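Next comes work20.pdb, a file with PDB, C-alpha atoms, pLDDT in the B column.
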ATOM      1  CA  MET A  19       0.000   0.000   0.000  1.00 37.00           C
ATOM      2  CA  GLY A  20       1.427   3.362  -0.994  1.00 38.00           C
ATOM      3  CA  ILE A  21       1.294   6.390   1.238  1.00 40.00           C
ATOM      4  CA  GLN A  22       2.485   9.121  -1.091  1.00 39.00           C
ATOM      5  CA  GLY A  23       1.124  12.538  -0.235  1.00 42.00           C
ATOM      6  CA  MET A  24       0.570  11.660   3.392  1.00 43.00           C
ATOM      7  CA  GLU A  25       2.820  14.518   4.409  1.00 39.00           C
ATOM      8  CA  LEU A  26       0.022  16.902   3.426  1.00 38.00           C
ATOM      9  CA  CYS A  27      -3.131  15.381   4.845  1.00 40.00           C
ATOM     10  CA  ALA A  28      -4.148  11.888   5.983  1.00 46.00           C
ATOM     11  CA  MET A  29      -7.824  12.671   5.632  1.00 44.00           C
ATOM     12  CA  ALA A  30      -8.499   9.943   3.076  1.00 44.00           C
ATOM     13  CA  VAL A  31      -6.610   7.474   5.264  1.00 48.00           C
ATOM     14  CA  VAL A  32      -8.708   8.465   8.252  1.00 52.00           C
ATOM     15  CA  VAL A  33     -11.988   8.013   6.398  1.00 50.00           C
ATOM     16  CA  LEU A  34     -11.052   4.786   4.629  1.00 50.00           C
ATOM     17  CA  LEU A  35      -9.977   3.163   7.847  1.00 53.00           C
ATOM     18  CA  PHE A  36     -12.992   4.387   9.743  1.00 55.00           C
ATOM     19  CA  ILE A  37     -15.316   3.061   7.027  1.00 55.00           C
ATOM     20  CA  ALA A  38     -13.614  -0.305   7.512  1.00 53.00           C
ATOM     21  CA  VAL A  39     -14.332  -0.083  11.233  1.00 52.00           C
ATOM     22  CA  LEU A  40     -17.978   0.742  10.572  1.00 55.00           C
ATOM     23  CA  LYS A  41     -18.347  -2.302   8.342  1.00 54.00           C
ATOM     24  CA  GLN A  42     -16.721  -4.454  11.007  1.00 52.00           C
ATOM     25  CA  PHE A  43     -19.256  -3.120  13.503  1.00 49.00           C
ATOM     26  CA  GLY A  44     -22.062  -3.912  11.068  1.00 50.00           C
ATOM     27  CA  ILE A  45     -23.097  -0.280  11.242  1.00 49.00           C
ATOM     28  CA  LEU A  46     -23.097   0.319   7.499  1.00 50.00           C
ATOM     29  CA  GLU A  47     -25.781  -2.262   6.873  1.00 48.00           C
ATOM     30  CA  PRO A  48     -28.435  -1.400   4.256  1.00 43.00           C
ATOM     31  CA  MET A  49     -31.103   0.935   5.524  1.00 40.00           C
ATOM     32  CA  SER A  50     -34.263  -0.766   6.726  1.00 40.00           C
ATOM     33  CA  MET A  51     -37.305  -0.058   4.573  1.00 35.00           C
ATOM     34  CA  GLU A  52     -39.722  -0.458   7.458  1.00 43.00           C
ATOM     35  CA  ASP A  53     -41.418   2.665   8.738  1.00 41.00           C
ATOM     36  CA  SER A  54     -39.849   3.613  12.033  1.00 45.00           C
ATOM     37  CA  SER A  55     -41.123   7.155  12.161  1.00 43.00           C
ATOM     38  CA  ASP A  56     -43.105   6.460  15.307  1.00 40.00           C
ATOM     39  CA  SER A  57     -40.204   4.939  17.228  1.00 43.00           C
ATOM     40  CA  GLU A  58     -37.401   6.739  18.951  1.00 48.00           C
ATOM     41  CA  LEU A  59     -33.949   5.299  19.607  1.00 48.00           C
ATOM     42  CA  GLU A  60     -34.303   2.137  21.667  1.00 46.00           C
ATOM     43  CA  LEU A  61     -32.495   2.956  24.889  1.00 41.00           C
ATOM     44  CA  SER A  62     -33.642   0.436  27.442  1.00 41.00           C
ATOM     45  CA  THR A  63     -30.898  -2.143  26.877  1.00 41.00           C
ATOM     46  CA  VAL A  64     -27.860   0.107  27.159  1.00 44.00           C
ATOM     47  CA  ARG A  65     -26.074   1.565  30.132  1.00 52.00           C
ATOM     48  CA  HIS A  66     -25.250   4.830  28.426  1.00 56.00           C
ATOM     49  CA  GLN A  67     -28.345   6.456  26.991  1.00 54.00           C
ATOM     50  CA  PRO A  68     -27.670   8.741  24.020  1.00 60.00           C
ATOM     51  CA  GLU A  69     -29.319  12.055  23.461  1.00 63.00           C
ATOM     52  CA  GLY A  70     -32.770  12.202  21.900  1.00 80.00           C
ATOM     53  CA  LEU A  71     -33.227  11.525  18.223  1.00 82.00           C
ATOM     54  CA  ASP A  72     -34.331  15.078  17.423  1.00 85.00           C
ATOM     55  CA  GLN A  73     -31.324  16.551  19.178  1.00 89.00           C
ATOM     56  CA  LEU A  74     -28.909  14.252  17.353  1.00 90.00           C
ATOM     57  CA  GLN A  75     -30.557  15.072  14.044  1.00 91.00           C
ATOM     58  CA  ALA A  76     -30.030  18.771  14.753  1.00 91.00           C
ATOM     59  CA  GLN A  77     -26.358  18.166  15.555  1.00 91.00           C
ATOM     60  CA  THR A  78     -25.620  16.056  12.478  1.00 93.00           C
ATOM     61  CA  LYS A  79     -26.495  15.808   8.803  1.00 92.00           C
ATOM     62  CA  PHE A  80     -28.223  12.456   9.109  1.00 91.00           C
ATOM     63  CA  THR A  81     -31.938  11.800   8.778  1.00 91.00           C
ATOM     64  CA  LYS A  82     -33.915  10.148  11.572  1.00 89.00           C
ATOM     65  CA  LYS A  83     -33.961   6.834   9.717  1.00 89.00           C
ATOM     66  CA  GLU A  84     -30.221   6.991   9.153  1.00 89.00           C
ATOM     67  CA  LEU A  85     -29.628   7.688  12.835  1.00 90.00           C
ATOM     68  CA  GLN A  86     -31.879   4.784  13.794  1.00 87.00           C
ATOM     69  CA  SER A  87     -29.982   2.454  11.452  1.00 85.00           C
ATOM     70  CA  LEU A  88     -26.631   3.661  12.778  1.00 85.00           C
ATOM     71  CA  TYR A  89     -27.809   3.196  16.343  1.00 86.00           C
ATOM     72  CA  ARG A  90     -29.016  -0.353  15.718  1.00 82.00           C
ATOM     73  CA  GLY A  91     -25.586  -1.330  14.458  1.00 78.00           C
ATOM     74  CA  PHE A  92     -23.835   0.512  17.264  1.00 79.00           C
ATOM     75  CA  LYS A  93     -26.043  -1.072  19.916  1.00 79.00           C
ATOM     76  CA  ASN A  94     -25.606  -4.573  18.493  1.00 76.00           C
ATOM     77  CA  GLU A  95     -21.833  -4.365  18.761  1.00 70.00           C
ATOM     78  CA  CYS A  96     -21.661  -2.150  21.852  1.00 76.00           C
ATOM     79  CA  PRO A  97     -24.497  -3.130  24.206  1.00 80.00           C
ATOM     80  CA  THR A  98     -23.168  -0.805  26.922  1.00 82.00           C
ATOM     81  CA  GLY A  99     -23.545   2.178  24.597  1.00 81.00           C
ATOM     82  CA  LEU A 100     -19.818   2.942  24.844  1.00 85.00           C
ATOM     83  CA  VAL A 101     -16.705   1.916  22.889  1.00 85.00           C
ATOM     84  CA  ASP A 102     -13.529   1.833  24.945  1.00 88.00           C
ATOM     85  CA  GLU A 103     -10.048   2.268  23.527  1.00 91.00           C
ATOM     86  CA  ASP A 104      -9.086  -1.389  23.846  1.00 91.00           C
ATOM     87  CA  THR A 105     -12.056  -2.409  21.695  1.00 84.00           C
ATOM     88  CA  PHE A 106     -11.199   0.262  19.151  1.00 82.00           C
ATOM     89  CA  LYS A 107      -7.597  -0.965  18.951  1.00 86.00           C
ATOM     90  CA  LEU A 108      -8.704  -4.575  18.598  1.00 83.00           C
ATOM     91  CA  ILE A 109     -10.871  -3.732  15.601  1.00 76.00           C
ATOM     92  CA  TYR A 110      -8.049  -1.921  13.823  1.00 76.00           C
ATOM     93  CA  SER A 111      -5.596  -4.734  14.507  1.00 82.00           C
ATOM     94  CA  GLN A 112      -7.824  -7.099  12.523  1.00 78.00           C
ATOM     95  CA  PHE A 113      -7.457  -4.946   9.409  1.00 74.00           C
ATOM     96  CA  PHE A 114      -3.687  -4.528   9.680  1.00 77.00           C
ATOM     97  CA  PRO A 115      -2.225  -7.856  10.866  1.00 81.00           C
ATOM     98  CA  GLN A 116       0.983  -7.118   8.943  1.00 81.00           C
ATOM     99  CA  GLY A 117       1.698  -4.040  11.060  1.00 85.00           C
ATOM    100  CA  ASP A 118       1.078  -2.473  14.437  1.00 89.00           C
ATOM    101  CA  SER A 119      -2.039  -0.271  14.423  1.00 87.00           C
ATOM    102  CA  THR A 120      -2.064   0.342  18.177  1.00 92.00           C
ATOM    103  CA  THR A 121      -0.686   3.875  18.161  1.00 93.00           C
ATOM    104  CA  TYR A 122      -2.713   5.073  15.173  1.00 89.00           C
ATOM    105  CA  ALA A 123      -5.892   3.669  16.700  1.00 89.00           C
ATOM    106  CA  HIS A 124      -5.034   5.523  19.912  1.00 92.00           C
ATOM    107  CA  PHE A 125      -4.754   8.854  18.081  1.00 91.00           C
ATOM    108  CA  LEU A 126      -7.939   8.268  16.094  1.00 88.00           C
ATOM    109  CA  PHE A 127      -9.816   7.177  19.210  1.00 89.00           C
ATOM    110  CA  ASN A 128      -8.824  10.419  20.938  1.00 90.00           C
ATOM    111  CA  ALA A 129     -10.093  12.415  17.967  1.00 88.00           C
ATOM    112  CA  PHE A 130     -13.545  10.849  18.411  1.00 86.00           C
ATOM    113  CA  ASP A 131     -13.534  10.933  22.211  1.00 87.00           C
ATOM    114  CA  ALA A 132     -14.767  14.511  22.332  1.00 79.00           C
ATOM    115  CA  ASP A 133     -15.122  14.841  26.093  1.00 82.00           C
ATOM    116  CA  ARG A 134     -11.891  12.934  26.806  1.00 84.00           C
ATOM    117  CA  ASN A 135     -13.531  10.453  29.175  1.00 86.00           C
ATOM    118  CA  GLY A 136     -11.902   7.350  27.727  1.00 89.00           C
ATOM    119  CA  ALA A 137     -14.936   6.097  25.805  1.00 89.00           C
ATOM    120  CA  ILE A 138     -16.704   6.891  22.546  1.00 88.00           C
ATOM    121  CA  ARG A 139     -20.412   7.465  23.058  1.00 87.00           C
ATOM    122  CA  PHE A 140     -22.957   7.116  20.284  1.00 87.00           C
ATOM    123  CA  GLU A 141     -23.212  10.914  20.212  1.00 89.00           C
ATOM    124  CA  ASP A 142     -19.438  11.248  19.687  1.00 88.00           C
ATOM    125  CA  PHE A 143     -19.611   8.602  17.006  1.00 84.00           C
ATOM    126  CA  VAL A 144     -22.386  10.125  14.892  1.00 87.00           C
ATOM    127  CA  VAL A 145     -21.143  13.715  15.211  1.00 90.00           C
ATOM    128  CA  GLY A 146     -17.669  12.691  14.030  1.00 87.00           C
ATOM    129  CA  LEU A 147     -19.075  10.486  11.293  1.00 86.00           C
ATOM    130  CA  SER A 148     -21.328  13.294  10.087  1.00 90.00           C
ATOM    131  CA  ILE A 149     -18.318  15.587   9.739  1.00 89.00           C
ATOM    132  CA  LEU A 150     -16.196  12.993   7.935  1.00 82.00           C
ATOM    133  CA  LEU A 151     -18.907  11.950   5.499  1.00 83.00           C
ATOM    134  CA  ARG A 152     -21.072  15.034   5.043  1.00 88.00           C
ATOM    135  CA  GLY A 153     -19.322  17.976   6.608  1.00 88.00           C
ATOM    136  CA  THR A 154     -18.091  20.992   4.704  1.00 89.00           C
ATOM    137  CA  VAL A 155     -14.471  21.064   3.566  1.00 86.00           C
ATOM    138  CA  HIS A 156     -13.751  23.471   6.411  1.00 89.00           C
ATOM    139  CA  GLU A 157     -15.313  21.108   8.975  1.00 91.00           C
ATOM    140  CA  LYS A 158     -13.417  18.087   7.662  1.00 87.00           C
ATOM    141  CA  LEU A 159     -10.113  19.916   7.698  1.00 89.00           C
ATOM    142  CA  LYS A 160     -10.710  21.153  11.247  1.00 91.00           C
ATOM    143  CA  TRP A 161     -11.377  17.546  12.262  1.00 88.00           C
ATOM    144  CA  ALA A 162      -8.120  16.444  10.603  1.00 87.00           C
ATOM    145  CA  PHE A 163      -6.233  19.258  12.346  1.00 91.00           C
ATOM    146  CA  ASN A 164      -7.639  18.076  15.669  1.00 91.00           C
ATOM    147  CA  LEU A 165      -6.303  14.589  14.939  1.00 88.00           C
ATOM    148  CA  TYR A 166      -2.797  15.954  14.349  1.00 91.00           C
ATOM    149  CA  ASP A 167      -2.928  18.333  17.319  1.00 94.00           C
ATOM    150  CA  ILE A 168      -2.291  15.603  19.847  1.00 94.00           C
ATOM    151  CA  ASN A 169      -2.130  17.770  22.966  1.00 93.00           C
ATOM    152  CA  LYS A 170      -5.005  20.003  21.773  1.00 92.00           C
ATOM    153  CA  ASP A 171      -3.116  23.280  22.283  1.00 95.00           C
ATOM    154  CA  GLY A 172      -4.081  24.713  18.893  1.00 95.00           C
ATOM    155  CA  TYR A 173      -0.775  23.990  17.140  1.00 96.00           C
ATOM    156  CA  ILE A 174       0.739  21.081  15.229  1.00 96.00           C
ATOM    157  CA  THR A 175       4.386  20.581  16.113  1.00 97.00           C
ATOM    158  CA  LYS A 176       6.921  18.491  14.238  1.00 95.00           C
ATOM    159  CA  GLU A 177       6.930  16.056  17.134  1.00 96.00           C
ATOM    160  CA  GLU A 178       3.157  15.598  16.906  1.00 95.00           C
ATOM    161  CA  MET A 179       3.204  15.197  13.142  1.00 92.00           C
ATOM    162  CA  LEU A 180       6.077  12.719  13.352  1.00 93.00           C
ATOM    163  CA  ALA A 181       4.154  10.664  15.914  1.00 94.00           C
ATOM    164  CA  ILE A 182       1.119  10.486  13.619  1.00 90.00           C
ATOM    165  CA  VAL A 183       3.132   9.683  10.497  1.00 86.00           C
ATOM    166  CA  LYS A 184       5.154   7.004  12.285  1.00 88.00           C
ATOM    167  CA  SER A 185       1.946   5.443  13.568  1.00 88.00           C
ATOM    168  CA  ILE A 186       0.591   5.176  10.016  1.00 83.00           C
ATOM    169  CA  TYR A 187       3.863   3.690   8.750  1.00 81.00           C
ATOM    170  CA  ASP A 188       3.839   1.204  11.626  1.00 86.00           C
ATOM    171  CA  MET A 189       0.263   0.259  10.787  1.00 82.00           C
ATOM    172  CA  MET A 190       1.029  -0.318   7.101  1.00 76.00           C
ATOM    173  CA  GLY A 191       3.916  -2.603   8.035  1.00 70.00           C
ATOM    174  CA  ARG A 192       5.771  -4.442   5.332  1.00 59.00           C
ATOM    175  CA  HIS A 193       3.078  -3.790   2.701  1.00 56.00           C
ATOM    176  CA  THR A 194       4.188  -0.242   1.941  1.00 56.00           C
ATOM    177  CA  TYR A 195       5.582   0.388  -1.508  1.00 52.00           C
ATOM    178  CA  PRO A 196       8.242   1.339  -2.210  1.00 53.00           C
ATOM    179  CA  ILE A 197       9.961  -0.166   0.801  1.00 56.00           C
ATOM    180  CA  LEU A 198      10.399   2.599   3.334  1.00 59.00           C
ATOM    181  CA  ARG A 199      13.701   3.850   4.563  1.00 65.00           C
ATOM    182  CA  GLU A 200      14.063   4.375   8.281  1.00 68.00           C
ATOM    183  CA  ASP A 201      14.201   8.146   7.839  1.00 76.00           C
ATOM    184  CA  ALA A 202      11.141   8.300   5.553  1.00 79.00           C
ATOM    185  CA  PRO A 203       8.680   9.478   8.265  1.00 82.00           C
ATOM    186  CA  LEU A 204      10.955  12.382   9.186  1.00 88.00           C
ATOM    187  CA  GLU A 205      11.281  13.364   5.525  1.00 87.00           C
ATOM    188  CA  HIS A 206       7.507  13.414   5.197  1.00 84.00           C
ATOM    189  CA  VAL A 207       7.211  15.652   8.237  1.00 89.00           C
ATOM    190  CA  GLU A 208       9.825  18.058   6.868  1.00 91.00           C
ATOM    191  CA  ARG A 209       7.929  18.319   3.569  1.00 87.00           C
ATOM    192  CA  PHE A 210       4.697  18.868   5.465  1.00 87.00           C
ATOM    193  CA  PHE A 211       6.176  21.762   7.400  1.00 92.00           C
ATOM    194  CA  GLN A 212       7.786  23.290   4.329  1.00 90.00           C
ATOM    195  CA  LYS A 213       4.311  23.577   2.792  1.00 88.00           C
ATOM    196  CA  MET A 214       2.257  24.310   5.895  1.00 91.00           C
ATOM    197  CA  ASP A 215       4.439  26.431   8.161  1.00 94.00           C
ATOM    198  CA  ARG A 216       4.079  29.695   6.271  1.00 92.00           C
ATOM    199  CA  ASN A 217       5.842  31.955   8.778  1.00 94.00           C
ATOM    200  CA  GLN A 218       8.540  29.389   9.594  1.00 93.00           C
ATOM    201  CA  ASP A 219       7.977  29.548  13.347  1.00 96.00           C
ATOM    202  CA  GLY A 220       8.180  25.777  13.819  1.00 95.00           C
ATOM    203  CA  VAL A 221       4.469  25.114  14.355  1.00 97.00           C
ATOM    204  CA  VAL A 222       1.414  24.885  12.085  1.00 96.00           C
ATOM    205  CA  THR A 223      -1.676  26.826  13.112  1.00 97.00           C
ATOM    206  CA  ILE A 224      -5.234  26.015  12.083  1.00 96.00           C
ATOM    207  CA  ASP A 225      -5.208  28.971   9.692  1.00 96.00           C
ATOM    208  CA  GLU A 226      -2.017  27.787   7.997  1.00 95.00           C
ATOM    209  CA  PHE A 227      -3.402  24.257   7.782  1.00 92.00           C
ATOM    210  CA  LEU A 228      -6.710  25.360   6.279  1.00 92.00           C
ATOM    211  CA  GLU A 229      -5.123  27.761   3.794  1.00 92.00           C
ATOM    212  CA  THR A 230      -2.593  25.253   2.471  1.00 89.00           C
ATOM    213  CA  CYS A 231      -5.022  22.332   2.267  1.00 86.00           C
ATOM    214  CA  GLN A 232      -7.674  24.341   0.454  1.00 87.00           C
ATOM    215  CA  LYS A 233      -5.141  25.267  -2.230  1.00 86.00           C
ATOM    216  CA  ASP A 234      -4.213  21.623  -2.858  1.00 82.00           C
ATOM    217  CA  GLU A 235      -6.332  19.896  -5.524  1.00 80.00           C
ATOM    218  CA  ASN A 236      -5.577  16.370  -4.291  1.00 75.00           C
ATOM    219  CA  ILE A 237      -6.700  17.161  -0.765  1.00 74.00           C
ATOM    220  CA  MET A 238      -9.838  18.872  -2.008  1.00 76.00           C
ATOM    221  CA  SER A 239     -10.686  15.846  -4.137  1.00 73.00           C
ATOM    222  CA  SER A 240     -10.228  13.509  -1.179  1.00 67.00           C
ATOM    223  CA  MET A 241     -12.768  15.551   0.799  1.00 68.00           C
ATOM    224  CA  GLN A 242     -15.555  14.472  -1.573  1.00 66.00           C
ATOM    225  CA  LEU A 243     -14.872  10.732  -1.843  1.00 59.00           C
ATOM    226  CA  PHE A 244     -17.087   9.370   0.906  1.00 55.00           C
ATOM    227  CA  GLU A 245     -20.089  11.674   1.017  1.00 58.00           C
ATOM    228  CA  ASN A 246     -22.563   9.031  -0.195  1.00 53.00           C
ATOM    229  CA  VAL A 247     -21.330   6.060   1.830  1.00 51.00           C
ATOM    230  CA  ILE A 248     -24.575   5.884   3.796  1.00 52.00           C
TER
END

Would you mind writing the file out in structure tokens?
Amino acid sequence: MGIQGMELCAMAVVVLLFIAVLKQFGILEPMSMEDSSDSELELSTVRHQPEGLDQLQAQTKFTKKELQSLYRGFKNECPTGLVDEDTFKLIYSQFFPQGDSTTYAHFLFNAFDADRNGAIRFEDFVVGLSILLRGTVHEKLKWAFNLYDINKDGYITKEEMLAIVKSIYDMMGRHTYPILREDAPLEHVERFFQKMDRNQDGVVTIDEFLETCQKDENIMSSMQLFENVI
């Protein structure tokens, strides 16, 4: 698997891998044709009860039927209503047996764990999914920036970017092509900063990230790839 261009934005990688996770969960099953307009989300069997259907619809770009279908899949695989990090890592490890996906799954989990409580709630899940699949370009890029900004201080440092890039290389394992040199992740980070760090102060701000990404045709194309997945 090639990873050219990853020094600019791993957005397509994020979405592709998350779609794989959704399929593993059984969440992207075909929509039910039965009329469920008179039923709300079934909450009685879970420990964590998500917000009301109307509220979630207002927070996302999913219809009520789509939310109900997503919730059925989520509830089937996560009866407690929560996904912990160990479960998240286990799912990713099944898709990348040739590499080590632990660190990447950790970073991606943290991007979805909005309230930083160590678990992904259904609300976190659908809000993040709505952004990735149906958000504006600006919303998707802000989500990607949040993934890279590991300590959530509003800046991407070289150390943070290197950690993310290394985690993706580790996950791809021996199936990368061409075969990666040991210094390849650092080279990718240097190229990233050459393009993104406009004022050469050693960090990338959200404004620099947005401006550079929106001028790149490949990144803009990747933003549109998964809008009709569900």

- [ ] Could you tell me how far atom CA of Thr175 of chain A lies from atom CA of Val144 of chain A, in Å and to one decimal?
- [x]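 If I compute the distance from atom CA of Thr175 of chain A to atom CA of Val144 of chain A, I get 28.8 Å.
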
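Rounded to one decimal, atom CA of Met190 of chain A and atom CA of Gly117 of chain A lie 5.5 Å from each other.
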
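Here the PyMOL selection byres ((chain A and resi 185) around 9) matches the residues Asp118, Ser119, Thr120, Thr121, Tyr122, Ala123, Phe125, Leu180, Ala181, Ile182, Val183, Lys184, Ile186, Tyr187, Asp188, Met189 and Met190 of chain A.
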
Using C-alpha atoms, can you export the residues from the last selection as a PDB file, in the frame of the given file?
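What ended up in out_28.pdb:
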ATOM      1  CA  ASP A 118       1.078  -2.473  14.437  1.00 89.00           C
ATOM      2  CA  SER A 119      -2.039  -0.271  14.423  1.00 87.00           C
ATOM      3  CA  THR A 120      -2.064   0.342  18.177  1.00 92.00           C
ATOM      4  CA  THR A 121      -0.686   3.875  18.161  1.00 93.00           C
ATOM      5  CA  TYR A 122      -2.713   5.073  15.173  1.00 89.00           C
ATOM      6  CA  ALA A 123      -5.892   3.669  16.700  1.00 89.00           C
ATOM      7  CA  PHE A 125      -4.754   8.854  18.081  1.00 91.00           C
ATOM      8  CA  LEU A 180       6.077  12.719  13.352  1.00 93.00           C
ATOM      9  CA  ALA A 181       4.154  10.664  15.914  1.00 94.00           C
ATOM     10  CA  ILE A 182       1.119  10.486  13.619  1.00 90.00           C
ATOM     11  CA  VAL A 183       3.132   9.683  10.497  1.00 86.00           C
ATOM     12  CA  LYS A 184       5.154   7.004  12.285  1.00 88.00           C
ATOM     13  CA  ILE A 186       0.591   5.176  10.016  1.00 83.00           C
ATOM     14  CA  TYR A 187       3.863   3.690   8.750  1.00 81.00           C
ATOM     15  CA  ASP A 188       3.839   1.204  11.626  1.00 86.00           C
ATOM     16  CA  MET A 189       0.263   0.259  10.787  1.00 82.00           C
ATOM     17  CA  MET A 190       1.029  -0.318   7.101  1.00 76.00           C
TER      18      MET A 190
END

Open item on the list: Report as a VMD selection string all protein, DNA and RNA residues lying within 8 Å of segment 103-109 of chain A, evaluated on all atoms listed in the file, omitting residues in the same chain fewer than 3 positions from it.
Closed with: chain A and resid 39 42 112 to 113 119 to 120 123 to 124 127 136 to 137

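Using only C-alpha atoms for every distance, the candidate list A:Arg134, A:Thr223, A:Asn128, A:Ala202 yields A:Thr223 as the residue closest to Asp171 of chain A.
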
TODO: Decode the PyMOL selection byres ((chain A and resi 80) around 12) for the given file into explicit residues and return them as JSON, numbers by chain.
DONE: {"A": [71, 72, 73, 74, 75, 76, 77, 78, 79, 81, 82, 83, 84, 85, 86, 87, 88, 89, 144, 145, 146, 147, 148, 149, 151, 152, 153, 245, 246, 247, 248]}

Task: Selection near Asp167 of chain A, 10 Å with all atoms listed in the file, sequence-local residues under 5 positions removed, as a list in words - done: Phe125, Ala129, Trp161, Ala162, Gly172, Tyr173, Ile174, Thr175, Glu178, Met179, Ile182, Val222, Thr223 and Ile224 of chain A

TODO: Name the residues that the PyMOL selection byres ((chain A and resi 208) around 12) picks from the file above, as a list in words, using the file's chain letters and numbers.
DONE: Met24, Glu25, Leu26, Thr175, Lys176, Glu177, Met179, Leu180, Val183, Asp201, Ala202, Pro203, Leu204, Glu205, His206, Val207, Arg209, Phe210, Phe211, Gln212, Lys213, Met214, Asp215, Gln218, Gly220 and Val221 of chain A

TODO: Have a look at atom CA of Phe140 of chain A and atom CA of Gly99 of chain A and let me know their distance in Å, one decimal.
DONE: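 Separating atom CA of Phe140 of chain A from atom CA of Gly99 of chain A is a distance of 6.6 Å.
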
TODO: Have a look at A:Leu126, A:Asp234, A:His156, A:Asn94 and name the one nearest to Ile168 of chain A; count only C-alpha atoms.
DONE: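 With only C-alpha atoms as the atom set, the closest residue is A:Leu126.
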
TODO: Can you work out which one of A:Leu165, A:Glu141, A:Pro115, A:Ile237 has the shortest atom-to-atom distance to Gly191 of chain A, counting all atoms listed in the file?
DONE: A:Pro115

Open item on the list: I'd like to know which of A:Leu100, A:Ala132, A:Leu150, A:Val155 is closest to Leu228 of chain A, using all atoms listed in the file.
Closed with: A:Val155
